[in-house]
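**Q** Enclosed is the structure file model-v6.txt (compact mmCIF, N, CA and C atoms).
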```txt
# COMPACT_ATOMS: atom_id res chain seq x y z
N MET O 297 -9.22 -4.98 19.81
CA MET O 297 -8.09 -4.06 19.81
C MET O 297 -7.71 -3.74 18.38
N GLY O 298 -7.78 -2.47 18.00
CA GLY O 298 -7.47 -2.07 16.65
C GLY O 298 -6.02 -1.69 16.48
N LEU O 299 -5.59 -1.61 15.25
CA LEU O 299 -4.24 -1.17 14.93
C LEU O 299 -4.15 0.32 15.20
N ILE O 300 -3.29 0.72 16.08
CA ILE O 300 -3.17 2.12 16.49
C ILE O 300 -2.19 2.83 15.56
N LEU O 301 -2.67 3.85 14.87
CA LEU O 301 -1.84 4.60 13.94
C LEU O 301 -1.79 6.07 14.31
N ALA O 302 -2.13 6.42 15.51
CA ALA O 302 -2.15 7.82 15.92
C ALA O 302 -0.81 8.47 15.65
N GLY O 303 -0.87 9.66 15.09
CA GLY O 303 0.34 10.42 14.84
C GLY O 303 0.97 10.15 13.48
N PHE O 304 0.43 9.22 12.73
CA PHE O 304 1.00 8.95 11.41
C PHE O 304 0.27 9.76 10.36
N SER O 305 1.01 10.28 9.42
CA SER O 305 0.44 10.95 8.26
C SER O 305 1.45 10.84 7.14
N PRO O 306 1.05 11.14 5.90
CA PRO O 306 2.02 11.05 4.81
C PRO O 306 3.22 11.96 5.01
N SER O 307 3.08 13.04 5.76
CA SER O 307 4.18 13.97 5.91
C SER O 307 5.01 13.72 7.16
N ILE O 308 4.52 12.88 8.08
CA ILE O 308 5.26 12.59 9.31
C ILE O 308 5.54 11.09 9.34
N MET O 309 6.80 10.74 9.32
CA MET O 309 7.18 9.33 9.28
C MET O 309 8.07 9.01 10.48
N ARG O 310 8.05 7.76 10.88
CA ARG O 310 9.01 7.25 11.84
C ARG O 310 9.32 5.82 11.44
N SER O 311 10.40 5.31 11.93
CA SER O 311 10.74 3.92 11.63
C SER O 311 9.71 3.00 12.27
N VAL O 312 9.33 1.97 11.56
CA VAL O 312 8.40 1.00 12.13
C VAL O 312 9.19 -0.02 12.94
N THR O 313 8.56 -0.57 13.95
CA THR O 313 9.21 -1.52 14.84
C THR O 313 8.68 -2.93 14.59
N GLU O 314 9.32 -3.90 15.23
CA GLU O 314 8.83 -5.28 15.16
C GLU O 314 7.42 -5.37 15.73
N LYS O 315 7.16 -4.60 16.79
CA LYS O 315 5.83 -4.59 17.41
C LYS O 315 4.79 -4.03 16.43
N ASP O 316 5.15 -2.98 15.68
CA ASP O 316 4.26 -2.45 14.65
C ASP O 316 3.93 -3.53 13.63
N ASP O 317 4.96 -4.28 13.21
CA ASP O 317 4.78 -5.35 12.23
C ASP O 317 3.82 -6.42 12.79
N GLU O 318 4.04 -6.81 14.03
CA GLU O 318 3.16 -7.81 14.67
C GLU O 318 1.72 -7.31 14.76
N ASN O 319 1.55 -6.07 15.20
CA ASN O 319 0.20 -5.51 15.33
C ASN O 319 -0.50 -5.39 13.98
N ALA O 320 0.24 -4.99 12.96
CA ALA O 320 -0.36 -4.87 11.62
C ALA O 320 -0.85 -6.22 11.11
N LYS O 321 -0.15 -7.28 11.49
CA LYS O 321 -0.53 -8.62 11.03
C LYS O 321 -1.67 -9.23 11.82
N LEU O 322 -2.24 -8.46 12.76
CA LEU O 322 -3.46 -8.89 13.45
C LEU O 322 -4.70 -8.57 12.62
N PHE O 323 -4.55 -7.66 11.65
CA PHE O 323 -5.64 -7.29 10.74
C PHE O 323 -6.88 -6.83 11.51
N GLU O 324 -6.70 -5.87 12.42
CA GLU O 324 -7.80 -5.37 13.24
C GLU O 324 -7.90 -3.85 13.12
N PRO O 325 -8.87 -3.35 12.37
CA PRO O 325 -9.04 -1.90 12.26
C PRO O 325 -9.67 -1.31 13.53
N GLU O 326 -9.41 -0.04 13.74
CA GLU O 326 -10.13 0.67 14.80
C GLU O 326 -11.60 0.74 14.35
N PRO O 327 -12.55 0.72 15.29
CA PRO O 327 -13.97 0.66 14.91
C PRO O 327 -14.44 1.78 13.98
N ALA O 328 -13.89 2.97 14.11
CA ALA O 328 -14.36 4.11 13.32
C ALA O 328 -13.57 4.31 12.02
N ARG O 329 -12.63 3.39 11.71
CA ARG O 329 -11.76 3.59 10.56
C ARG O 329 -11.72 2.33 9.69
N ALA O 330 -11.27 2.49 8.46
CA ALA O 330 -11.01 1.37 7.56
C ALA O 330 -9.50 1.22 7.42
N LEU O 331 -9.06 0.01 7.09
CA LEU O 331 -7.65 -0.22 6.82
C LEU O 331 -7.47 -0.67 5.38
N VAL O 332 -6.38 -0.22 4.76
CA VAL O 332 -6.00 -0.67 3.43
C VAL O 332 -4.59 -1.24 3.54
N TYR O 333 -4.45 -2.50 3.16
CA TYR O 333 -3.14 -3.15 3.11
C TYR O 333 -2.69 -3.18 1.66
N VAL O 334 -1.47 -2.71 1.43
CA VAL O 334 -0.88 -2.72 0.09
C VAL O 334 0.45 -3.45 0.21
N PHE O 335 0.63 -4.52 -0.56
CA PHE O 335 1.85 -5.31 -0.40
C PHE O 335 2.46 -5.71 -1.74
N ARG O 336 3.75 -6.02 -1.65
CA ARG O 336 4.49 -6.64 -2.76
C ARG O 336 5.04 -7.96 -2.26
N ASP O 337 4.85 -8.98 -3.04
CA ASP O 337 5.35 -10.29 -2.63
C ASP O 337 6.78 -10.51 -3.13
N ASN O 338 7.18 -11.75 -3.19
CA ASN O 338 8.54 -12.12 -3.56
C ASN O 338 8.68 -12.35 -5.06
N SER O 339 7.87 -11.70 -5.86
CA SER O 339 7.87 -11.90 -7.30
C SER O 339 9.21 -11.53 -7.92
N PHE O 340 9.63 -12.31 -8.91
CA PHE O 340 10.89 -12.05 -9.62
C PHE O 340 10.81 -10.77 -10.44
N LEU O 341 9.67 -10.56 -11.12
CA LEU O 341 9.52 -9.37 -11.96
C LEU O 341 9.49 -8.11 -11.10
N GLY O 342 10.30 -7.15 -11.46
CA GLY O 342 10.34 -5.88 -10.76
C GLY O 342 11.01 -5.94 -9.41
N GLN O 343 11.77 -7.01 -9.16
CA GLN O 343 12.34 -7.20 -7.82
C GLN O 343 13.29 -6.10 -7.37
N ARG O 344 13.92 -5.41 -8.29
CA ARG O 344 14.86 -4.35 -7.91
C ARG O 344 14.23 -2.96 -7.93
N ALA O 345 13.01 -2.88 -8.39
CA ALA O 345 12.33 -1.58 -8.49
C ALA O 345 11.53 -1.31 -7.22
N ALA O 346 11.48 -0.05 -6.84
CA ALA O 346 10.63 0.37 -5.73
C ALA O 346 9.31 0.87 -6.31
N SER O 347 8.25 0.70 -5.55
CA SER O 347 6.94 1.19 -6.00
C SER O 347 6.51 2.32 -5.08
N GLN O 348 5.80 3.27 -5.65
CA GLN O 348 5.31 4.43 -4.90
C GLN O 348 3.79 4.33 -4.82
N LEU O 349 3.24 4.35 -3.61
CA LEU O 349 1.79 4.33 -3.42
C LEU O 349 1.32 5.77 -3.28
N VAL O 350 0.29 6.11 -4.05
CA VAL O 350 -0.28 7.46 -4.05
C VAL O 350 -1.75 7.34 -3.68
N VAL O 351 -2.20 8.16 -2.71
CA VAL O 351 -3.60 8.18 -2.30
C VAL O 351 -4.11 9.61 -2.48
N ASN O 352 -5.17 9.75 -3.28
CA ASN O 352 -5.73 11.07 -3.58
C ASN O 352 -4.65 12.06 -4.02
N ASN O 353 -3.79 11.59 -4.93
CA ASN O 353 -2.72 12.38 -5.54
C ASN O 353 -1.62 12.79 -4.56
N VAL O 354 -1.54 12.14 -3.41
CA VAL O 354 -0.48 12.42 -2.43
C VAL O 354 0.36 11.16 -2.26
N PRO O 355 1.67 11.21 -2.55
CA PRO O 355 2.52 10.04 -2.30
C PRO O 355 2.55 9.73 -0.81
N VAL O 356 2.28 8.47 -0.45
CA VAL O 356 2.26 8.12 0.97
C VAL O 356 3.36 7.14 1.38
N THR O 357 3.80 6.28 0.50
CA THR O 357 4.84 5.32 0.89
C THR O 357 5.49 4.68 -0.32
N LYS O 358 6.67 4.14 -0.09
CA LYS O 358 7.34 3.31 -1.08
C LYS O 358 7.42 1.90 -0.52
N ASN O 359 7.16 0.93 -1.37
CA ASN O 359 7.32 -0.47 -1.00
C ASN O 359 8.39 -1.09 -1.88
N GLU O 360 9.09 -2.05 -1.31
CA GLU O 360 10.03 -2.85 -2.06
C GLU O 360 9.58 -4.30 -1.97
N ARG O 361 10.32 -5.17 -2.61
CA ARG O 361 10.00 -6.60 -2.61
C ARG O 361 9.83 -7.10 -1.18
N ASN O 362 8.80 -7.91 -0.94
CA ASN O 362 8.50 -8.51 0.36
C ASN O 362 8.15 -7.49 1.44
N GLN O 363 7.52 -6.39 1.06
CA GLN O 363 7.10 -5.38 2.02
C GLN O 363 5.62 -5.08 1.86
N PHE O 364 5.03 -4.55 2.96
CA PHE O 364 3.65 -4.08 2.90
C PHE O 364 3.52 -2.79 3.69
N SER O 365 2.49 -2.03 3.34
CA SER O 365 2.15 -0.80 4.05
C SER O 365 0.69 -0.86 4.44
N VAL O 366 0.36 -0.13 5.51
CA VAL O 366 -1.02 -0.07 5.98
C VAL O 366 -1.44 1.39 6.02
N VAL O 367 -2.60 1.67 5.44
CA VAL O 367 -3.17 3.02 5.46
C VAL O 367 -4.49 2.95 6.21
N SER O 368 -4.61 3.75 7.26
CA SER O 368 -5.83 3.85 8.05
C SER O 368 -6.64 5.04 7.52
N LEU O 369 -7.92 4.80 7.21
CA LEU O 369 -8.74 5.82 6.57
C LEU O 369 -9.99 6.15 7.38
N ALA O 370 -10.33 7.42 7.43
CA ALA O 370 -11.64 7.83 7.89
C ALA O 370 -12.63 7.49 6.78
N SER O 371 -13.91 7.46 7.09
CA SER O 371 -14.92 7.21 6.05
C SER O 371 -14.77 8.21 4.93
N GLY O 372 -14.97 7.75 3.71
CA GLY O 372 -14.89 8.64 2.56
C GLY O 372 -14.43 7.91 1.33
N THR O 373 -14.21 8.67 0.27
CA THR O 373 -13.78 8.12 -1.01
C THR O 373 -12.31 8.45 -1.24
N TYR O 374 -11.54 7.44 -1.62
CA TYR O 374 -10.11 7.58 -1.82
C TYR O 374 -9.70 6.92 -3.13
N ASN O 375 -8.77 7.53 -3.83
CA ASN O 375 -8.22 6.97 -5.06
C ASN O 375 -6.80 6.49 -4.79
N PHE O 376 -6.54 5.21 -5.08
CA PHE O 376 -5.23 4.60 -4.89
C PHE O 376 -4.58 4.34 -6.24
N PHE O 377 -3.29 4.60 -6.30
CA PHE O 377 -2.53 4.47 -7.53
C PHE O 377 -1.12 4.04 -7.15
N SER O 378 -0.50 3.19 -7.94
CA SER O 378 0.88 2.76 -7.68
C SER O 378 1.70 2.94 -8.95
N TYR O 379 2.92 3.43 -8.78
CA TYR O 379 3.81 3.54 -9.93
C TYR O 379 5.23 3.24 -9.51
N SER O 380 6.08 3.05 -10.50
CA SER O 380 7.50 2.78 -10.25
C SER O 380 8.15 4.05 -9.77
N SER O 381 8.75 4.01 -8.59
CA SER O 381 9.41 5.21 -8.07
C SER O 381 10.89 5.18 -8.46
N GLY O 382 11.48 6.34 -8.45
CA GLY O 382 12.89 6.43 -8.75
C GLY O 382 13.23 6.22 -10.21
N GLU O 383 12.25 6.39 -11.09
CA GLU O 383 12.53 6.25 -12.51
C GLU O 383 13.59 7.28 -12.90
N SER O 384 14.51 6.84 -13.75
CA SER O 384 15.63 7.71 -14.10
C SER O 384 15.29 8.76 -15.15
N SER O 385 14.19 8.59 -15.83
CA SER O 385 13.85 9.59 -16.85
C SER O 385 12.36 9.87 -16.87
N VAL O 386 12.03 11.08 -17.27
CA VAL O 386 10.63 11.46 -17.39
C VAL O 386 9.93 10.59 -18.42
N THR O 387 10.62 10.26 -19.50
CA THR O 387 10.04 9.44 -20.56
C THR O 387 9.61 8.07 -20.03
N VAL O 388 10.47 7.43 -19.25
CA VAL O 388 10.14 6.12 -18.69
C VAL O 388 8.92 6.24 -17.78
N ASN O 389 8.87 7.26 -16.94
CA ASN O 389 7.73 7.46 -16.06
C ASN O 389 6.44 7.66 -16.85
N LEU O 390 6.49 8.43 -17.92
CA LEU O 390 5.30 8.65 -18.75
C LEU O 390 4.84 7.37 -19.42
N ILE O 391 5.77 6.58 -19.92
CA ILE O 391 5.42 5.32 -20.58
C ILE O 391 4.76 4.39 -19.57
N HIS O 392 5.31 4.28 -18.37
CA HIS O 392 4.80 3.35 -17.37
C HIS O 392 3.47 3.76 -16.77
N ASN O 393 3.11 5.04 -16.82
CA ASN O 393 1.93 5.50 -16.10
C ASN O 393 0.84 6.14 -16.97
N LYS O 394 1.04 6.19 -18.28
CA LYS O 394 0.12 6.94 -19.14
C LYS O 394 -1.31 6.41 -19.17
N SER O 395 -1.49 5.11 -19.05
CA SER O 395 -2.84 4.56 -19.21
C SER O 395 -3.41 3.99 -17.92
N LYS O 396 -2.82 4.30 -16.79
CA LYS O 396 -3.30 3.74 -15.53
C LYS O 396 -4.46 4.53 -14.96
N SER O 397 -5.38 3.79 -14.39
CA SER O 397 -6.51 4.40 -13.69
C SER O 397 -6.40 4.04 -12.22
N PRO O 398 -6.78 4.95 -11.34
CA PRO O 398 -6.72 4.63 -9.92
C PRO O 398 -7.81 3.63 -9.53
N ILE O 399 -7.59 2.97 -8.39
CA ILE O 399 -8.62 2.14 -7.78
C ILE O 399 -9.31 3.01 -6.74
N THR O 400 -10.63 3.11 -6.84
CA THR O 400 -11.39 3.93 -5.91
C THR O 400 -11.93 3.07 -4.78
N VAL O 401 -11.70 3.53 -3.55
CA VAL O 401 -12.19 2.85 -2.35
C VAL O 401 -13.18 3.78 -1.66
N MET O 402 -14.37 3.27 -1.38
CA MET O 402 -15.34 3.99 -0.57
C MET O 402 -15.20 3.40 0.82
N ALA O 403 -14.30 3.99 1.61
CA ALA O 403 -13.92 3.45 2.91
C ALA O 403 -15.10 3.43 3.88
N GLU O 404 -15.32 2.26 4.48
CA GLU O 404 -16.37 2.08 5.48
C GLU O 404 -15.72 1.69 6.80
N PRO O 405 -16.17 2.25 7.91
CA PRO O 405 -15.59 1.93 9.22
C PRO O 405 -15.59 0.42 9.49
N GLY O 406 -14.47 -0.07 10.00
CA GLY O 406 -14.36 -1.47 10.36
C GLY O 406 -13.99 -2.41 9.23
N LYS O 407 -13.94 -1.93 7.99
CA LYS O 407 -13.64 -2.78 6.84
C LYS O 407 -12.15 -2.75 6.53
N ILE O 408 -11.67 -3.83 5.91
CA ILE O 408 -10.28 -3.93 5.47
C ILE O 408 -10.27 -4.21 3.98
N TYR O 409 -9.39 -3.51 3.27
CA TYR O 409 -9.24 -3.65 1.82
C TYR O 409 -7.81 -4.11 1.55
N TYR O 410 -7.64 -4.96 0.52
CA TYR O 410 -6.33 -5.53 0.22
C TYR O 410 -5.96 -5.29 -1.24
N PHE O 411 -4.75 -4.74 -1.44
CA PHE O 411 -4.22 -4.52 -2.79
C PHE O 411 -2.83 -5.12 -2.88
N GLN O 412 -2.56 -5.74 -4.01
CA GLN O 412 -1.22 -6.23 -4.29
C GLN O 412 -0.62 -5.35 -5.38
N GLU O 413 0.62 -4.93 -5.18
CA GLU O 413 1.33 -4.20 -6.22
C GLU O 413 2.00 -5.23 -7.11
N VAL O 414 1.68 -5.18 -8.39
CA VAL O 414 2.18 -6.15 -9.36
C VAL O 414 2.97 -5.39 -10.41
N PHE O 415 4.17 -5.89 -10.73
CA PHE O 415 5.01 -5.26 -11.75
C PHE O 415 4.68 -5.83 -13.11
N LYS O 416 4.45 -4.94 -14.06
CA LYS O 416 4.19 -5.33 -15.44
C LYS O 416 5.32 -4.76 -16.31
N PRO O 417 6.07 -5.63 -17.01
CA PRO O 417 7.11 -5.11 -17.90
C PRO O 417 6.49 -4.11 -18.89
N MET O 418 7.16 -3.02 -19.10
CA MET O 418 6.69 -1.91 -19.96
C MET O 418 5.42 -1.28 -19.41
N GLY O 419 5.09 -1.54 -18.17
CA GLY O 419 3.90 -0.94 -17.58
C GLY O 419 4.10 -0.51 -16.15
N GLY O 420 5.23 -0.85 -15.57
CA GLY O 420 5.49 -0.48 -14.18
C GLY O 420 4.56 -1.20 -13.23
N PHE O 421 4.27 -0.58 -12.11
CA PHE O 421 3.43 -1.21 -11.09
C PHE O 421 1.96 -0.86 -11.27
N ILE O 422 1.12 -1.86 -11.01
CA ILE O 422 -0.32 -1.65 -10.97
C ILE O 422 -0.83 -2.21 -9.64
N LEU O 423 -1.99 -1.77 -9.24
CA LEU O 423 -2.63 -2.31 -8.05
C LEU O 423 -3.68 -3.33 -8.47
N LYS O 424 -3.70 -4.42 -7.75
CA LYS O 424 -4.66 -5.49 -8.01
C LYS O 424 -5.43 -5.74 -6.72
N THR O 425 -6.75 -5.66 -6.77
CA THR O 425 -7.58 -5.96 -5.61
C THR O 425 -7.61 -7.47 -5.43
N ILE O 426 -7.35 -7.91 -4.19
CA ILE O 426 -7.39 -9.35 -3.93
C ILE O 426 -8.22 -9.64 -2.68
N SER O 427 -8.59 -10.88 -2.55
CA SER O 427 -9.44 -11.29 -1.42
C SER O 427 -8.64 -11.39 -0.13
N GLU O 428 -9.36 -11.33 0.98
CA GLU O 428 -8.76 -11.48 2.30
C GLU O 428 -8.04 -12.83 2.41
N GLU O 429 -8.68 -13.89 1.91
CA GLU O 429 -8.11 -15.23 2.00
C GLU O 429 -6.79 -15.33 1.25
N GLU O 430 -6.67 -14.65 0.13
CA GLU O 430 -5.44 -14.67 -0.65
C GLU O 430 -4.39 -13.73 -0.06
N ALA O 431 -4.83 -12.59 0.48
CA ALA O 431 -3.91 -11.56 0.93
C ALA O 431 -3.21 -11.90 2.24
N LYS O 432 -3.94 -12.34 3.24
CA LYS O 432 -3.36 -12.52 4.58
C LYS O 432 -2.12 -13.42 4.61
N PRO O 433 -2.14 -14.60 3.98
CA PRO O 433 -0.92 -15.43 4.03
C PRO O 433 0.28 -14.76 3.35
N LYS O 434 0.02 -14.01 2.30
CA LYS O 434 1.10 -13.32 1.59
C LYS O 434 1.65 -12.17 2.43
N ILE O 435 0.77 -11.42 3.06
CA ILE O 435 1.20 -10.29 3.89
C ILE O 435 2.00 -10.79 5.09
N ARG O 436 1.60 -11.90 5.67
CA ARG O 436 2.32 -12.45 6.83
C ARG O 436 3.76 -12.81 6.50
N LYS O 437 4.06 -13.05 5.23
CA LYS O 437 5.43 -13.36 4.80
C LYS O 437 6.25 -12.10 4.52
N CYS O 438 5.59 -10.95 4.52
CA CYS O 438 6.25 -9.67 4.20
C CYS O 438 6.62 -8.92 5.48
N LYS O 439 7.41 -7.89 5.30
CA LYS O 439 7.84 -7.02 6.40
C LYS O 439 7.15 -5.67 6.25
N LEU O 440 6.65 -5.13 7.37
CA LEU O 440 5.98 -3.85 7.36
C LEU O 440 6.95 -2.74 6.96
N ALA O 441 6.56 -1.95 5.97
CA ALA O 441 7.37 -0.82 5.51
C ALA O 441 6.91 0.49 6.13
N ALA O 442 5.58 0.67 6.22
CA ALA O 442 5.08 1.96 6.69
C ALA O 442 3.64 1.86 7.17
N LEU O 443 3.28 2.78 8.08
CA LEU O 443 1.92 2.97 8.57
C LEU O 443 1.53 4.42 8.28
N HIS O 444 0.29 4.63 7.83
CA HIS O 444 -0.18 5.97 7.54
C HIS O 444 -1.62 6.14 8.00
N GLN O 445 -1.96 7.32 8.42
CA GLN O 445 -3.33 7.63 8.78
C GLN O 445 -3.77 8.83 7.97
N LEU O 446 -4.87 8.67 7.24
CA LEU O 446 -5.40 9.76 6.41
C LEU O 446 -6.78 10.14 6.91
```
Rewrite the coordinates I just gave you, this time as C-alpha cells.

**A**
Amino acid sequence: MGLILAGFSPSIMRSVTEKDDENAKLFEPEPARALVYVFRDNSFLGQRAASQLVVNNVPVTKNERNQFSVVSLASGTYNFFSYSSGESSVTVNLIHNKSKSPITVMAEPGKIYYFQEVFKPMGGFILKTISEEEAKPKIRKCKLAALHQL
C-alpha cells in the first residue's frame, strides 16, 4: 500500500490530518512514483526560522522546527533547494542564498530519497542528503507539514 497523494500539487493545498501523518510514516511509495522526504529536526540553530522548499524553481512547502514534508514524483530529474523563508530584506535573502547549489534527484519509481534541512548561521538553510537508517527515526519524531505530488 503506497502513500496516496492524489489531488496534491504545489498550487493546491489542504490541511494534513493525523491519518496523513501516520500514512507518511509508513514510508511506502506508490509503485510508479518516487517519494522525497524533507525534514527539520529539533535543532536549536534556526529554530524560529521557517524554511522554504523549492523543486524545479517552484516553491512547494514551508517547514518549521520538528516538521517534515513529502513530495511524490513521477520519473524524471528534479532540482531541490531550500532557503530561509520570510526574510525581512532582499539583502539578507541574497546573502543566505548566493552560493547554494540545488540537489539533483533522478527520481526512480519505488525509491525513497531523504533530505534534512539544516540551518547554517550566515548561510540560511541547506539540504543534506542522509541515509534511510538515519532519516526514519528523526522523521518519526516530526509532524507532517505538507504532501505534494509533482

**Q** Residues within 7 Å of Glu404 of chain O, please, as a ChimeraX atom specification. Count all atoms listed in the file; anything in the same chain fewer than 2 positions from it doesn't count.

**A** /O:328-331,370-372,401-402,406-408

**Q** Write out as an NGL selection string which residues come within 12 Å of Asp337 of chain O when counting only C-alpha atoms, dropping same-chain ones fewer than 5 positions away.

**A** :O and (342-343 or 359-364 or 411-415 or 430-440)

**Q** From the options O:Leu349, O:Leu322, O:Ile399, O:Gly420, which residue's atoms come nearest to Val367 of chain O, counting only C-alpha atoms?

**A**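 Of O:Leu349, O:Leu322, O:Ile399, O:Gly420, the one nearest Val367 of chain O is O:Leu349, counting only C-alpha atoms.
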
**Q** Taking the chain letters and numbering used in this document, name the residues of segment 327-379 of chain O that DSSP puts in strand (DSSP E or B), as a ChimeraX atom specification.

**A** /O:330-336,346-351,354-359,363-369,372-379

**Q** What does the distance between atom N of Val366 of chain O and atom C of Ser397 of chain O come to in Å, to one decimal place?

**A**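 Computed distance, atom N of Val366 of chain O to atom C of Ser397 of chain O, equals 19.4 Å.
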
**Q** Around segment 433-446 of chain O, with edges along x, y and z and 3 Å added on all six sides, what centre and edge lengths do you get, in Å to one decimal, as lines of an AutoDock Vina configuration file?

**A**
```
center_x = 0.5
center_y = -2.6
center_z = 5.2
size_x = 20.6
size_y = 31.6
size_z = 13.2
```

**Q** For Asn352 of chain O, which residue out of O:Val332, O:Ser365, O:Glu324, O:Asn375 is the nearest one, using all atoms listed in the file?

**A**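 Closest to Asn352 of chain O of all the choices is O:Asn375.
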
**Q** Please determine, counting only C-alpha atoms, which residue among O:Tyr333, O:Tyr379, O:Tyr374, O:Phe421 has the shortest atom-to-atom distance to Lys321 of chain O.

**A** O:Tyr333
